[in-house]
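**Q** Below is input_7.cif; it holds mmCIF, C-alpha atoms.
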data_structure
loop_
_atom_site.label_atom_id
_atom_site.label_comp_id
_atom_site.auth_asym_id
_atom_site.auth_seq_id
_atom_site.Cartn_x
_atom_site.Cartn_y
_atom_site.Cartn_z
CA MET A 1 35.46 -1.88 1.71
CA SER A 2 36.82 -3.76 4.71
CA ASP A 3 34.95 -6.71 6.21
CA ASP A 4 34.30 -4.74 9.41
CA ARG A 5 32.65 -1.92 7.50
CA ARG A 6 30.61 -4.40 5.49
CA LYS A 7 29.43 -6.01 8.70
CA ILE A 8 28.41 -2.63 10.09
CA LEU A 9 26.53 -1.87 6.88
CA ALA A 10 24.81 -5.26 6.91
CA SER A 11 23.87 -4.81 10.58
CA ALA A 12 22.41 -1.38 9.85
CA VAL A 13 20.31 -2.77 6.99
CA ILE A 14 19.08 -5.64 9.18
CA VAL A 15 18.02 -3.26 11.96
CA LEU A 16 16.40 -0.92 9.42
CA VAL A 17 14.41 -3.69 7.71
CA ILE A 18 13.14 -5.03 11.04
CA ALA A 19 12.36 -1.54 12.35
CA LEU A 20 10.46 -0.61 9.19
CA HIS A 21 8.03 -3.43 9.96
CA ALA A 22 7.01 -1.47 13.05
CA VAL A 23 6.04 1.62 11.05
CA PRO A 24 2.67 0.35 9.75
CA LEU A 25 1.85 -0.77 13.29
CA VAL A 26 2.51 2.69 14.67
CA VAL A 27 1.31 4.87 11.77
CA SER A 28 -2.23 3.61 11.30
CA ALA A 29 -3.01 6.07 8.48
CA GLU A 30 -0.33 4.42 6.34
CA ARG A 31 -1.07 0.85 7.43
CA GLY A 32 -1.95 -0.36 3.97
CA THR A 33 0.37 1.73 1.83
CA LEU A 34 3.89 0.91 2.96
CA TRP A 35 4.43 -2.30 1.02
CA PRO A 36 6.65 -4.34 1.45
CA PHE A 37 6.51 -3.40 5.13
CA MET A 38 3.14 -4.66 6.26
CA VAL A 39 1.00 -5.69 9.17
CA TYR A 40 0.31 -9.43 9.00
CA ALA A 41 -3.20 -9.30 10.43
CA MET A 42 -4.95 -11.31 7.74
CA TYR A 43 -7.77 -13.66 8.72
CA LYS A 44 -7.83 -12.30 12.27
CA HIS A 45 -11.64 -12.32 12.49
CA SER A 46 -13.42 -15.19 14.15
CA ARG A 47 -16.92 -16.48 13.77
CA PRO A 48 -19.19 -17.58 16.61
CA ALA A 49 -20.20 -21.16 17.20
CA GLY A 50 -23.11 -22.15 15.01
CA PRO A 51 -23.96 -23.09 11.46
CA VAL A 52 -21.18 -22.33 9.00
CA GLU A 53 -22.70 -20.47 6.08
CA VAL A 54 -21.09 -18.53 3.25
CA ASN A 55 -22.41 -16.65 0.25
CA GLN A 56 -20.86 -16.89 -3.18
CA ARG A 57 -21.81 -14.17 -5.60
CA ARG A 58 -20.99 -12.99 -9.07
CA ILE A 59 -22.30 -10.43 -11.48
CA LEU A 60 -23.16 -11.42 -15.03
CA ALA A 61 -23.20 -8.68 -17.64
CA VAL A 62 -25.47 -9.05 -20.68
CA THR A 63 -24.96 -7.16 -23.93
CA ALA A 64 -27.69 -5.81 -26.20
CA SER A 65 -26.98 -8.74 -28.56
CA GLY A 66 -27.48 -11.22 -25.71
CA ALA A 67 -23.87 -12.20 -24.97
CA ARG A 68 -23.20 -12.88 -21.26
CA ASP A 69 -19.91 -12.33 -19.44
CA THR A 70 -18.98 -12.71 -15.80
CA VAL A 71 -17.86 -9.37 -14.39
CA THR A 72 -14.31 -10.13 -13.31
CA PRO A 73 -11.70 -7.76 -11.86
CA ASP A 74 -9.97 -7.88 -15.24
CA LEU A 75 -13.11 -6.94 -17.18
CA LEU A 76 -13.89 -4.08 -14.82
CA GLY A 77 -10.26 -2.97 -14.45
CA VAL A 78 -10.34 -3.09 -10.66
CA SER A 79 -8.74 -5.32 -8.07
CA ILE A 80 -10.65 -8.26 -6.63
CA THR A 81 -10.94 -6.44 -3.30
CA VAL A 82 -12.49 -3.38 -4.94
CA LEU A 83 -14.86 -5.56 -6.96
CA ASP A 84 -16.01 -7.19 -3.75
CA GLN A 85 -16.13 -4.14 -1.49
CA ARG A 86 -17.41 -1.51 -3.92
CA TYR A 87 -19.73 -3.58 -6.04
CA HIS A 88 -20.59 -7.10 -4.78
CA ARG A 89 -21.27 -6.20 -1.15
CA PRO A 90 -23.39 -3.07 -1.79
CA LEU A 91 -25.47 -4.97 -4.35
CA MET A 92 -25.99 -7.84 -1.91
CA THR A 93 -27.44 -5.35 0.56
CA GLY A 94 -29.71 -3.81 -2.07
CA ASP A 95 -27.64 -0.65 -2.63
CA THR A 96 -28.19 0.07 -6.33
CA THR A 97 -26.30 3.38 -6.40
CA VAL A 98 -23.23 1.47 -7.63
CA ILE A 99 -24.99 0.27 -10.81
CA PRO A 100 -24.27 3.31 -13.05
CA GLY A 101 -20.59 3.11 -12.09
CA ILE A 102 -20.38 -0.54 -13.11
CA PHE A 103 -21.99 0.13 -16.50
CA GLU A 104 -19.76 3.13 -17.05
CA ARG A 105 -16.62 1.10 -16.43
CA LEU A 106 -17.81 -1.92 -18.40
CA ASN A 107 -18.92 -0.01 -21.47
CA ARG A 108 -15.90 2.26 -21.97
CA GLY A 109 -14.98 1.93 -25.64
CA ARG A 110 -17.30 -1.03 -26.27
CA ALA A 111 -19.14 -1.29 -29.59
CA ASP A 112 -21.63 -3.79 -28.13
CA PRO A 113 -22.42 -2.29 -24.73
CA TYR A 114 -23.69 -4.16 -21.74
CA VAL A 115 -27.31 -3.31 -20.99
CA GLU A 116 -28.13 -5.63 -18.09
CA LEU A 117 -26.48 -6.92 -14.94
CA ASP A 118 -27.59 -10.06 -13.14
CA LEU A 119 -26.50 -10.53 -9.56
CA VAL A 120 -26.30 -14.27 -9.02
CA SER A 121 -25.67 -15.72 -5.58
CA GLU A 122 -25.73 -19.02 -3.79
CA THR A 123 -25.64 -19.78 -0.10
CA TYR A 124 -23.68 -22.79 1.10
CA THR A 125 -24.34 -24.23 4.55
CA VAL A 126 -22.39 -26.96 6.34
CA THR A 127 -24.94 -29.42 7.70
CA ASP A 128 -24.69 -32.75 9.52
CA THR A 129 -25.18 -34.54 6.23
CA GLY A 130 -22.80 -32.48 4.09
CA LEU A 131 -22.85 -29.22 2.21
CA ALA A 132 -26.23 -27.73 1.34
CA ARG A 133 -26.43 -25.35 -1.61
CA ARG A 134 -29.25 -22.87 -2.03
CA GLU A 135 -29.65 -20.63 -5.06
CA ASN A 136 -30.89 -17.17 -4.20
CA PRO A 137 -33.20 -15.20 -6.50
CA VAL A 138 -31.35 -13.45 -9.32
CA GLU A 139 -31.45 -9.67 -9.09
CA THR A 140 -31.54 -7.94 -12.47
CA TYR A 141 -30.51 -4.35 -13.12
CA ARG A 142 -30.88 -2.52 -16.43
CA ALA A 143 -28.47 0.11 -17.73
CA PRO A 144 -29.72 3.63 -16.87
CA GLU A 145 -30.34 4.59 -20.52
CA VAL A 146 -32.44 1.47 -21.24
CA MET A 147 -34.44 1.44 -18.00
CA HIS A 148 -37.63 2.87 -19.47
CA MET B 1 16.52 -14.97 -8.82
CA GLY B 2 15.37 -17.66 -11.15
CA ALA B 3 12.08 -18.07 -9.27
CA GLN B 4 11.33 -14.36 -9.47
CA LEU B 5 12.27 -14.21 -13.11
CA LEU B 6 10.48 -17.33 -14.32
CA TRP B 7 7.70 -17.88 -11.77
CA PHE B 8 6.77 -14.69 -9.95
CA TYR B 9 7.52 -12.17 -12.67
CA PRO B 10 4.84 -9.45 -13.08
CA ASN B 11 2.06 -9.88 -15.60
CA LEU B 12 2.45 -6.93 -17.97
CA ALA B 13 -1.08 -7.30 -19.40
CA GLU B 14 -2.54 -6.98 -15.91
CA HIS B 15 -0.62 -3.76 -15.27
CA ILE B 16 -1.56 -2.27 -18.62
CA ASN B 17 -5.21 -3.16 -18.03
CA PHE B 18 -5.12 -1.26 -14.72
CA LEU B 19 -3.36 1.70 -16.35
CA ARG B 20 -5.87 1.88 -19.21
CA LYS B 21 -9.00 1.50 -17.10
CA ASN B 22 -8.14 3.76 -14.16
CA ASP B 23 -7.51 7.47 -14.08
CA GLU B 24 -6.45 7.38 -10.46
CA PHE B 25 -5.18 5.01 -7.82
CA VAL B 26 -7.44 3.63 -5.13
CA ASP B 27 -4.92 3.42 -2.34
CA PRO B 28 -1.51 4.37 -3.73
CA GLN B 29 1.49 2.71 -2.13
CA LEU B 30 4.30 4.94 -0.87
CA ILE B 31 6.56 3.83 -3.73
CA THR B 32 3.83 4.72 -6.24
CA ARG B 33 3.29 8.12 -4.62
CA VAL B 34 7.00 8.90 -4.69
CA LEU B 35 7.25 8.00 -8.39
CA ALA B 36 4.13 10.00 -9.22
CA ALA B 37 5.54 12.99 -7.34
CA VAL B 38 8.95 12.80 -9.02
CA PHE B 39 7.87 12.07 -12.60
CA SER B 40 4.17 13.05 -12.50
CA ARG B 41 1.51 10.38 -12.67
CA ASP B 42 0.83 10.57 -16.38
CA ALA B 43 4.51 10.61 -17.35
CA PHE B 44 5.36 7.43 -15.45
CA PHE B 45 2.17 5.43 -15.03
CA ASN B 46 1.31 4.76 -18.63
CA PRO B 47 1.45 1.62 -20.81
CA THR B 48 4.54 2.73 -22.75
CA THR B 49 6.69 3.43 -19.70
CA PHE B 50 5.55 0.24 -18.03
CA THR B 51 6.33 -1.85 -21.10
CA ILE B 52 9.84 -0.39 -21.21
CA LEU B 53 10.25 -0.89 -17.45
CA TYR B 54 9.01 -4.46 -17.76
CA TRP B 55 11.62 -5.45 -20.32
CA ALA B 56 14.40 -3.44 -18.67
CA THR B 57 13.68 -5.17 -15.36
CA PHE B 58 13.64 -8.53 -17.12
CA GLY B 59 17.00 -7.70 -18.71
CA PHE B 60 18.51 -6.78 -15.34
CA GLY B 61 17.09 -10.00 -13.96
CA LEU B 62 18.85 -12.03 -16.66
CA LEU B 63 22.11 -10.20 -16.00
CA ALA B 64 21.77 -10.83 -12.27
CA LEU B 65 20.96 -14.49 -12.89
CA VAL B 66 24.13 -15.10 -14.91
CA GLY B 67 26.09 -12.84 -12.60
CA LEU B 68 27.12 -10.08 -14.97
CA PHE B 69 27.45 -6.75 -13.14
CA THR B 70 25.86 -8.86 -10.45
CA ARG B 71 25.11 -6.47 -7.64
CA PRO B 72 24.02 -3.43 -9.71
CA SER B 73 21.86 -5.79 -11.79
CA LEU B 74 20.38 -7.30 -8.63
CA PHE B 75 19.61 -3.85 -7.26
CA LEU B 76 17.92 -2.69 -10.48
CA PHE B 77 16.01 -5.96 -10.83
CA ALA B 78 14.78 -5.71 -7.24
CA THR B 79 13.88 -2.03 -7.74
CA GLY B 80 11.86 -2.83 -10.86
CA THR B 81 10.12 -5.66 -9.05
CA TRP B 82 9.23 -3.37 -6.13
CA ILE B 83 7.77 -0.79 -8.51
CA PHE B 84 5.59 -3.38 -10.25
CA VAL B 85 4.25 -4.88 -7.04
CA ALA B 86 3.67 -1.46 -5.48
CA HIS B 87 1.78 -0.41 -8.62
CA LEU B 88 -0.41 -3.51 -8.53
CA PHE B 89 -1.22 -2.91 -4.86
CA SER B 90 -2.18 0.72 -5.47
CA TYR B 91 -5.62 -0.29 -6.71
CA GLY B 92 -7.15 -1.24 -3.39
CA ASP B 93 -5.79 -4.75 -3.12
CA ARG B 94 -2.67 -5.94 -1.37
CA HIS B 95 -1.27 -9.30 -0.44
CA HIS B 96 1.48 -10.54 1.80
CA THR B 97 2.92 -13.15 -0.52
CA GLU B 98 5.47 -10.97 -2.31
CA ALA B 99 6.78 -8.84 0.56
CA LEU B 100 9.50 -10.97 2.17
CA PHE B 101 10.72 -12.26 -1.16
CA ALA B 102 11.03 -8.70 -2.48
CA ILE B 103 13.01 -7.66 0.59
CA PHE B 104 15.22 -10.72 0.14
CA LEU B 105 15.91 -9.78 -3.49
CA MET B 106 16.89 -6.27 -2.45
CA VAL B 107 19.26 -7.34 0.34
CA LEU B 108 20.95 -9.81 -2.02
CA ALA B 109 22.26 -6.73 -3.81
CA LEU B 110 23.89 -5.60 -0.57
CA ALA B 111 25.53 -8.94 0.19
CA PRO B 112 28.67 -10.17 -1.60
CA SER B 113 26.57 -11.90 -4.25
CA GLY B 114 28.24 -13.27 -7.35
CA GLU B 115 31.73 -13.49 -5.84
CA ARG B 116 32.24 -17.14 -6.78
CA LEU B 117 29.70 -18.56 -9.20
CA SER B 118 29.04 -15.80 -11.70
CA ALA B 119 30.11 -14.38 -15.04
CA ASP B 120 31.77 -11.55 -13.09
CA ALA B 121 33.91 -14.05 -11.15
CA ALA B 122 34.81 -15.98 -14.32
CA LEU B 123 35.83 -12.79 -16.12
CA ARG B 124 37.85 -11.67 -13.11
CA ARG B 125 39.66 -15.02 -12.98
CA ARG B 126 40.43 -14.84 -16.68
CA ARG B 127 41.62 -11.23 -16.47
CA THR B 128 43.70 -11.36 -13.29
CA GLY B 129 44.07 -15.04 -12.52
CA VAL B 130 42.81 -14.30 -9.01
CA ARG B 131 40.15 -16.59 -7.59
CA GLY B 132 37.57 -15.13 -5.27
CA ALA B 133 37.54 -15.98 -1.58
CA GLU B 134 36.47 -19.55 -0.81
CA SER B 135 33.86 -18.33 1.65
CA SER B 136 32.54 -15.20 3.30
CA ASP B 137 30.81 -14.67 6.63
CA LEU B 138 28.75 -11.98 4.97
CA ALA B 139 27.34 -14.03 2.11
CA ILE B 140 24.72 -15.78 4.23
CA TRP B 141 23.19 -12.80 6.03
CA PRO B 142 20.27 -12.28 3.61
CA LEU B 143 19.09 -15.82 4.41
CA LYS B 144 19.54 -15.26 8.14
CA LEU B 145 17.53 -12.06 7.85
CA VAL B 146 14.77 -14.04 6.12
CA VAL B 147 14.54 -16.38 9.14
CA VAL B 148 14.15 -13.36 11.44
CA LEU B 149 11.51 -11.83 9.18
CA LEU B 150 9.60 -15.10 8.90
CA GLY B 151 9.57 -15.34 12.70
CA LEU B 152 8.43 -11.74 12.93
CA THR B 153 5.66 -12.03 10.37
CA TYR B 154 4.29 -15.36 11.61
CA PHE B 155 4.28 -13.94 15.14
CA SER B 156 2.51 -10.82 13.88
CA ALA B 157 -0.16 -12.98 12.20
CA GLY B 158 -0.66 -15.11 15.33
CA MET B 159 -0.80 -12.13 17.68
CA ALA B 160 -3.31 -10.33 15.45
CA LYS B 161 -5.63 -13.34 15.70
CA MET B 162 -5.20 -13.59 19.47
CA LEU B 163 -5.58 -9.87 20.14
CA HIS B 164 -8.56 -9.47 17.83
CA SER B 165 -10.44 -12.71 18.40
CA GLY B 166 -8.79 -14.42 21.35
CA LEU B 167 -9.30 -18.12 21.91
CA ARG B 168 -12.53 -17.98 19.88
CA TRP B 169 -10.37 -18.08 16.75
CA MET B 170 -9.68 -21.73 17.58
CA ASN B 171 -13.36 -22.76 17.94
CA GLY B 172 -13.24 -24.62 14.62
CA TYR B 173 -16.12 -22.62 13.12
CA THR B 174 -13.73 -19.80 12.22
CA LEU B 175 -11.44 -22.02 10.18
CA GLN B 176 -14.43 -23.82 8.66
CA GLY B 177 -15.81 -20.47 7.52
CA HIS B 178 -12.51 -19.29 6.02
CA THR B 179 -11.79 -22.55 4.19
CA LEU B 180 -15.36 -22.91 2.95
CA ALA B 181 -15.46 -19.38 1.53
CA ASP B 182 -12.01 -19.49 -0.05
CA GLY B 183 -12.14 -23.14 -1.06
CA LEU B 184 -15.39 -22.54 -2.95
CA GLU B 185 -14.31 -19.22 -4.42
CA ARG B 186 -10.96 -20.50 -5.66
CA GLY B 187 -11.97 -24.05 -6.48
CA PHE B 188 -10.07 -26.01 -3.82
CA PRO B 189 -12.15 -29.11 -2.96
CA PHE B 190 -9.82 -30.09 -0.10
CA GLY B 191 -10.70 -26.82 1.66
CA VAL B 192 -14.41 -27.45 1.11
CA TRP B 193 -13.95 -30.90 2.64
CA ILE B 194 -12.07 -29.54 5.67
CA ALA B 195 -14.84 -26.99 6.16
CA GLN B 196 -17.14 -29.95 6.88
CA GLN B 197 -14.80 -31.52 9.52
CA HIS B 198 -15.38 -29.62 12.74
CA THR B 199 -12.98 -31.56 14.97
CA LEU B 200 -10.22 -31.44 12.38
CA ALA B 201 -10.82 -27.70 12.01
CA ILE B 202 -10.27 -27.24 15.77
CA VAL B 203 -7.02 -29.24 15.63
CA LEU B 204 -5.76 -27.28 12.61
CA SER B 205 -6.74 -23.97 14.26
CA VAL B 206 -4.76 -24.81 17.39
CA PHE B 207 -1.81 -25.88 15.25
CA THR B 208 -2.02 -22.64 13.23
CA ILE B 209 -1.96 -20.43 16.32
CA ALA B 210 0.79 -22.45 18.02
CA PHE B 211 2.87 -22.45 14.85
CA GLU B 212 2.46 -18.73 14.19
CA LEU B 213 3.11 -17.68 17.77
CA PHE B 214 6.15 -19.89 18.27
CA PHE B 215 7.88 -20.26 14.92
CA TRP B 216 10.39 -17.66 16.08
CA VAL B 217 11.99 -20.23 18.39
CA VAL B 218 13.78 -21.41 15.25
CA LEU B 219 16.17 -18.56 16.07
CA VAL B 220 17.13 -19.96 19.46
CA VAL B 221 16.71 -23.75 19.34
CA PRO B 222 19.77 -25.97 18.84
CA ARG B 223 20.79 -25.99 15.21
CA ARG B 224 19.78 -29.62 14.67
CA TRP B 225 16.12 -28.76 15.45
CA ALA B 226 15.86 -25.79 13.10
CA PRO B 227 15.28 -27.84 9.89
CA LEU B 228 12.30 -29.52 11.55
CA LEU B 229 10.69 -26.15 12.24
CA LEU B 230 11.42 -24.98 8.70
CA LEU B 231 9.93 -28.17 7.35
CA ALA B 232 6.84 -27.59 9.51
CA ALA B 233 6.63 -24.07 8.07
CA LEU B 234 6.92 -25.43 4.53
CA LEU B 235 4.15 -27.97 5.19
CA PHE B 236 2.06 -25.22 6.78
CA GLN B 237 2.37 -23.11 3.62
CA VAL B 238 1.62 -26.08 1.34
CA GLY B 239 -1.39 -26.89 3.54
CA LEU B 240 -2.66 -23.33 3.29
CA TYR B 241 -2.43 -23.54 -0.48
CA LEU B 242 -4.25 -26.86 -0.71
CA THR B 243 -7.06 -25.81 1.62
CA GLY B 244 -7.84 -22.31 0.49
CA GLY B 245 -5.55 -21.42 -2.39
CA TYR B 246 -3.39 -19.16 -0.21
CA ASP B 247 -0.55 -19.02 -2.69
CA PHE B 248 2.49 -18.16 -0.63
CA PHE B 249 4.80 -19.70 -3.20
CA GLN B 250 7.47 -17.10 -2.44
CA HIS B 251 7.50 -18.23 1.19
CA MET B 252 7.81 -21.84 0.03
CA VAL B 253 10.82 -20.93 -2.10
CA LEU B 254 12.43 -19.04 0.78
CA LEU B 255 11.84 -21.94 3.17
CA GLY B 256 13.33 -24.31 0.59
CA LEU B 257 16.39 -22.06 0.26
CA LEU B 258 16.80 -21.97 4.03
CA LEU B 259 16.60 -25.75 4.24
CA LEU B 260 19.12 -26.13 1.44
CA PHE B 261 21.64 -23.44 2.27
CA LEU B 262 21.25 -22.16 5.83
CA TYR B 263 20.94 -25.59 7.43
CA PRO B 264 22.60 -27.87 4.86
CA GLU B 265 23.80 -30.45 7.41
CA TRP B 266 20.50 -32.35 7.53
CA TRP B 267 20.48 -33.17 3.81
CA GLN B 268 24.26 -33.36 3.39
CA ARG B 269 24.31 -36.00 6.14
CA ARG B 270 21.68 -38.03 4.33
CA VAL B 271 23.33 -37.64 0.93
CA GLY B 272 26.68 -38.59 2.48
CA ALA B 273 25.18 -41.59 4.23
CA SER B 274 23.73 -42.95 1.01
#
Let me see whether you can do it: turn the structure in this file into structure tokens.

**A**
Amino acid sequence: MSDDRRKILASAVIVLVIALHAVPLVVSAERGTLWPFMVYAMYKHSRPAGPVEVNQRRILAVTASGARDTVTPDLLGVSITVLDQRYHRPLMTGDTTVIPGIFERLNRGRADPYVELDLVSETYTVTDTGLARRENPVETYRAPEVMH
Amino acid sequence: MGAQLLWFYPNLAEHINFLRKNDEFVDPQLITRVLAAVFSRDAFFNPTTFTILYWATFGFGLLALVGLFTRPSLFLFATGTWIFVAHLFSYGDRHHTEALFAIFLMVLALAPSGERLSADAALRRRRTGVRGAESSDLAIWPLKLVVVLLGLTYFSAGMAKMLHSGLRWMNGYTLQGHTLADGLERGFPFGVWIAQQHTLAIVLSVFTIAFELFFWVVLVVPRRWAPLLLLAALLFQVGLYLTGGYDFFQHMVLLGLLLLFLYPEWWQRRVGAS
């Protein structure tokens, strides 16, 4: 291939790669599914002036024999985003409809099934004197078959 | 190549865990959907196929690294890498860290890679006695494309913040909130400390927006200024990692490559002077 043709090919690829970055902007339905051509809108949200406060939460799973494990994306077989959006956040708002789904995923193929979930959370607040940590009450949920 | 192969290479156990624990994708990427349509989901997305693909991709990566069948190997290595990342991001999570690096790997296959320093070139010299060209105008275009894409993506990130939040993004509280949440979650004490420094958070917020909105000027400033902007970008990425664990290591590698190979004068001058 001659150098001129190679340059034309390279130019076409450059234009294509740049243009493909516009597709997720234009086609909103496919915004999150066109990797590696993405919208770079991460961390675009702001927070109003006032106390800076964040919640940290985790779910602990307890087996019938008393062993405790933190429910991680790996243990549940989901991504960290799904763990947060489908499980952590609903539980933090008191939505317990997600509980059976968590047990079902956790206990697939387990000889020593999990029978209890503890939602543990702490609230951290930036104050004039440093970082204040407050432990919130632990919410406990029993597996559907051992609830009674 | 080496970075992708030894540092950013997919974690097979993570993929197999997803395959074993999920009967369906959450938000399948286009690449995943195409593969599922061509081969059927069960035929392609299973632990056996992925184990074979993992080692085949690794093999192509080794071939590309030593420069044997360089460009076909590069293409197959990049293709395998794209499939793995697309699969990982089909379960409701996606990150920006891999994207530009993956595009860079793919365009390397289209550039005259391996013409000089490769097993292919050595074999060609031995067979024909012909040395490859000393230089090529076309060899550098993947790196130049990376500069354009970095400018584009940083601008996109800055504009998203401005369009969505406006100047309020720079009120300090926003950055304090982000660094506190991520610093705590990921165990980065420096981020937790910054979250408690309101004035510093305002300064860093203004710098972030200015940097993201105007990094693209690297394309038009005099050549001697470009390394400074790339260095600022590298420090920006390192800073993001230290404050909140935002692990854009691929961007760091790309910026390092640009500093070394696209604008070599700045370090060659210093090496020459010493």

**Q** Would you kindly return, as a list in words, each protein, DNA or RNA residue with an atom no farther than 12 Å from any atom of B:Leu240, considering only C-alpha atoms and excluding same-chain residues fewer than 4 positions away?

**A**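 The residues that qualify are Leu175, His178, Thr179, Asp182, Gly183, Phe188, Phe190, Gly191, Ile194, Leu204, Ser205, Thr208, Ala233, Leu234, Leu235, Phe236, Gly244, Gly245, Tyr246, Asp247, Phe248, Phe249, His251 and Met252 of chain B.
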
**Q** Taking into account only C-alpha atoms, which residue in the set B:Lys21, B:Pro47, B:Ala109, B:Val85 is nearest to A:Arg108?

**A**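 The closest residue to A:Arg108 is B:Lys21.
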
**Q** Could you write out as a compact mmCIF listing (two decimals) with C-alpha atoms, in the coordinates of the input the residues of chain B within 7 Å of chain A, counting all atoms listed in the file?

**A**
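So out_2.txt came out as:
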# COMPACT_ATOMS: atom_id res chain seq x y z
CA ASN B 17 -5.21 -3.16 -18.03
CA PHE B 18 -5.12 -1.26 -14.72
CA LYS B 21 -9.00 1.50 -17.10
CA ASP B 27 -4.92 3.42 -2.34
CA PRO B 28 -1.51 4.37 -3.73
CA GLN B 29 1.49 2.71 -2.13
CA LEU B 30 4.30 4.94 -0.87
CA ALA B 86 3.67 -1.46 -5.48
CA TYR B 91 -5.62 -0.29 -6.71
CA GLY B 92 -7.15 -1.24 -3.39
CA ASP B 93 -5.79 -4.75 -3.12
CA ALA B 99 6.78 -8.84 0.56
CA LEU B 145 17.53 -12.06 7.85
CA THR B 153 5.66 -12.03 10.37
CA SER B 156 2.51 -10.82 13.88
CA ALA B 157 -0.16 -12.98 12.20
CA ALA B 160 -3.31 -10.33 15.45
CA LYS B 161 -5.63 -13.34 15.70
CA HIS B 164 -8.56 -9.47 17.83
CA SER B 165 -10.44 -12.71 18.40
CA ARG B 168 -12.53 -17.98 19.88
CA TRP B 169 -10.37 -18.08 16.75
CA TYR B 173 -16.12 -22.62 13.12
CA THR B 174 -13.73 -19.80 12.22
CA GLN B 176 -14.43 -23.82 8.66
CA GLY B 177 -15.81 -20.47 7.52
CA ALA B 181 -15.46 -19.38 1.53
CA GLN B 196 -17.14 -29.95 6.88

**Q** Care to translate the PyMOL selection byres ((chain B and resi 121) around 10) into actual residues of this file, as a count of residues only?

**A** 20

**Q** Run the PyMOL selection byres ((chain B and resi 154) around 8) mentally over the shown coordinates, then write out the matched residues as JSON, numbers by chain, using the chain letters and numbers from the document.

**A** {"A": [40], "B": [150, 151, 152, 153, 155, 156, 157, 158, 211, 212, 213, 215, 216]}

**Q** Would you compute the distance between atom CA of B:Ser40 and atom CA of A:Arg31? Give it in Å to one decimal.

**A** 23.9 Å

**Q** Take atom CA of B:Phe214 and atom CA of B:Leu229 and report the distance between them in Å, one decimal.

**A**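 A separation of 9.8 Å between them.
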
**Q** Show me the residues around (-26.0, -17.4, -5.5) - criterion: an atom at most 6 Å away, only C-alpha atoms counted - as a list of chain:residue names.

**A**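 Residues close enough to count: A:Gln56, A:Arg57, A:Val120, A:Ser121, A:Glu122, A:Thr123, A:Glu135, A:Asn136.
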
**Q** Got a sec to resolve the PyMOL selection byres ((chain A and resi 139) around 10) on this structure and send the residues as a list in words?

**A** Ile59, Leu91, Met92, Gly94, Leu117, Asp118, Leu119, Val120, Ser121, Asn136, Pro137, Val138, Thr140 and Tyr141 of chain A

**Q** Restore N, CA and C atoms in stretch 100-112 of chain B and list the result as a short mmCIF file (atom, residue, chain, number, x, y, z; two decimals), in the coordinates of the input.

**A**
data_model
loop_
_atom_site.label_atom_id
_atom_site.label_comp_id
_atom_site.auth_asym_id
_atom_site.auth_seq_id
_atom_site.Cartn_x
_atom_site.Cartn_y
_atom_site.Cartn_z
N LEU B 100 8.20 -10.49 1.67
CA LEU B 100 9.50 -10.97 2.17
C LEU B 100 10.45 -11.32 1.03
N PHE B 101 9.89 -11.89 -0.03
CA PHE B 101 10.72 -12.26 -1.16
C PHE B 101 11.34 -11.02 -1.81
N ALA B 102 10.53 -9.95 -1.89
CA ALA B 102 11.03 -8.70 -2.48
C ALA B 102 12.14 -8.10 -1.62
N ILE B 103 11.96 -8.16 -0.31
CA ILE B 103 13.01 -7.66 0.59
C ILE B 103 14.27 -8.51 0.43
N PHE B 104 14.08 -9.82 0.32
CA PHE B 104 15.22 -10.72 0.14
C PHE B 104 15.99 -10.38 -1.14
N LEU B 105 15.26 -10.14 -2.23
CA LEU B 105 15.91 -9.78 -3.49
C LEU B 105 16.75 -8.51 -3.33
N MET B 106 16.18 -7.54 -2.60
CA MET B 106 16.89 -6.27 -2.45
C MET B 106 18.15 -6.45 -1.60
N VAL B 107 18.07 -7.21 -0.51
CA VAL B 107 19.26 -7.34 0.34
C VAL B 107 20.33 -8.21 -0.32
N LEU B 108 19.93 -9.04 -1.28
CA LEU B 108 20.95 -9.81 -2.02
C LEU B 108 21.93 -8.86 -2.71
N ALA B 109 21.40 -7.71 -3.13
CA ALA B 109 22.26 -6.73 -3.81
C ALA B 109 23.27 -6.11 -2.85
N LEU B 110 22.99 -6.19 -1.56
CA LEU B 110 23.89 -5.60 -0.57
C LEU B 110 24.88 -6.62 -0.01
N ALA B 111 24.62 -7.88 -0.28
CA ALA B 111 25.53 -8.94 0.19
C ALA B 111 26.59 -9.19 -0.90
N PRO B 112 27.64 -9.90 -0.56
CA PRO B 112 28.67 -10.17 -1.60
C PRO B 112 28.21 -11.24 -2.59
#
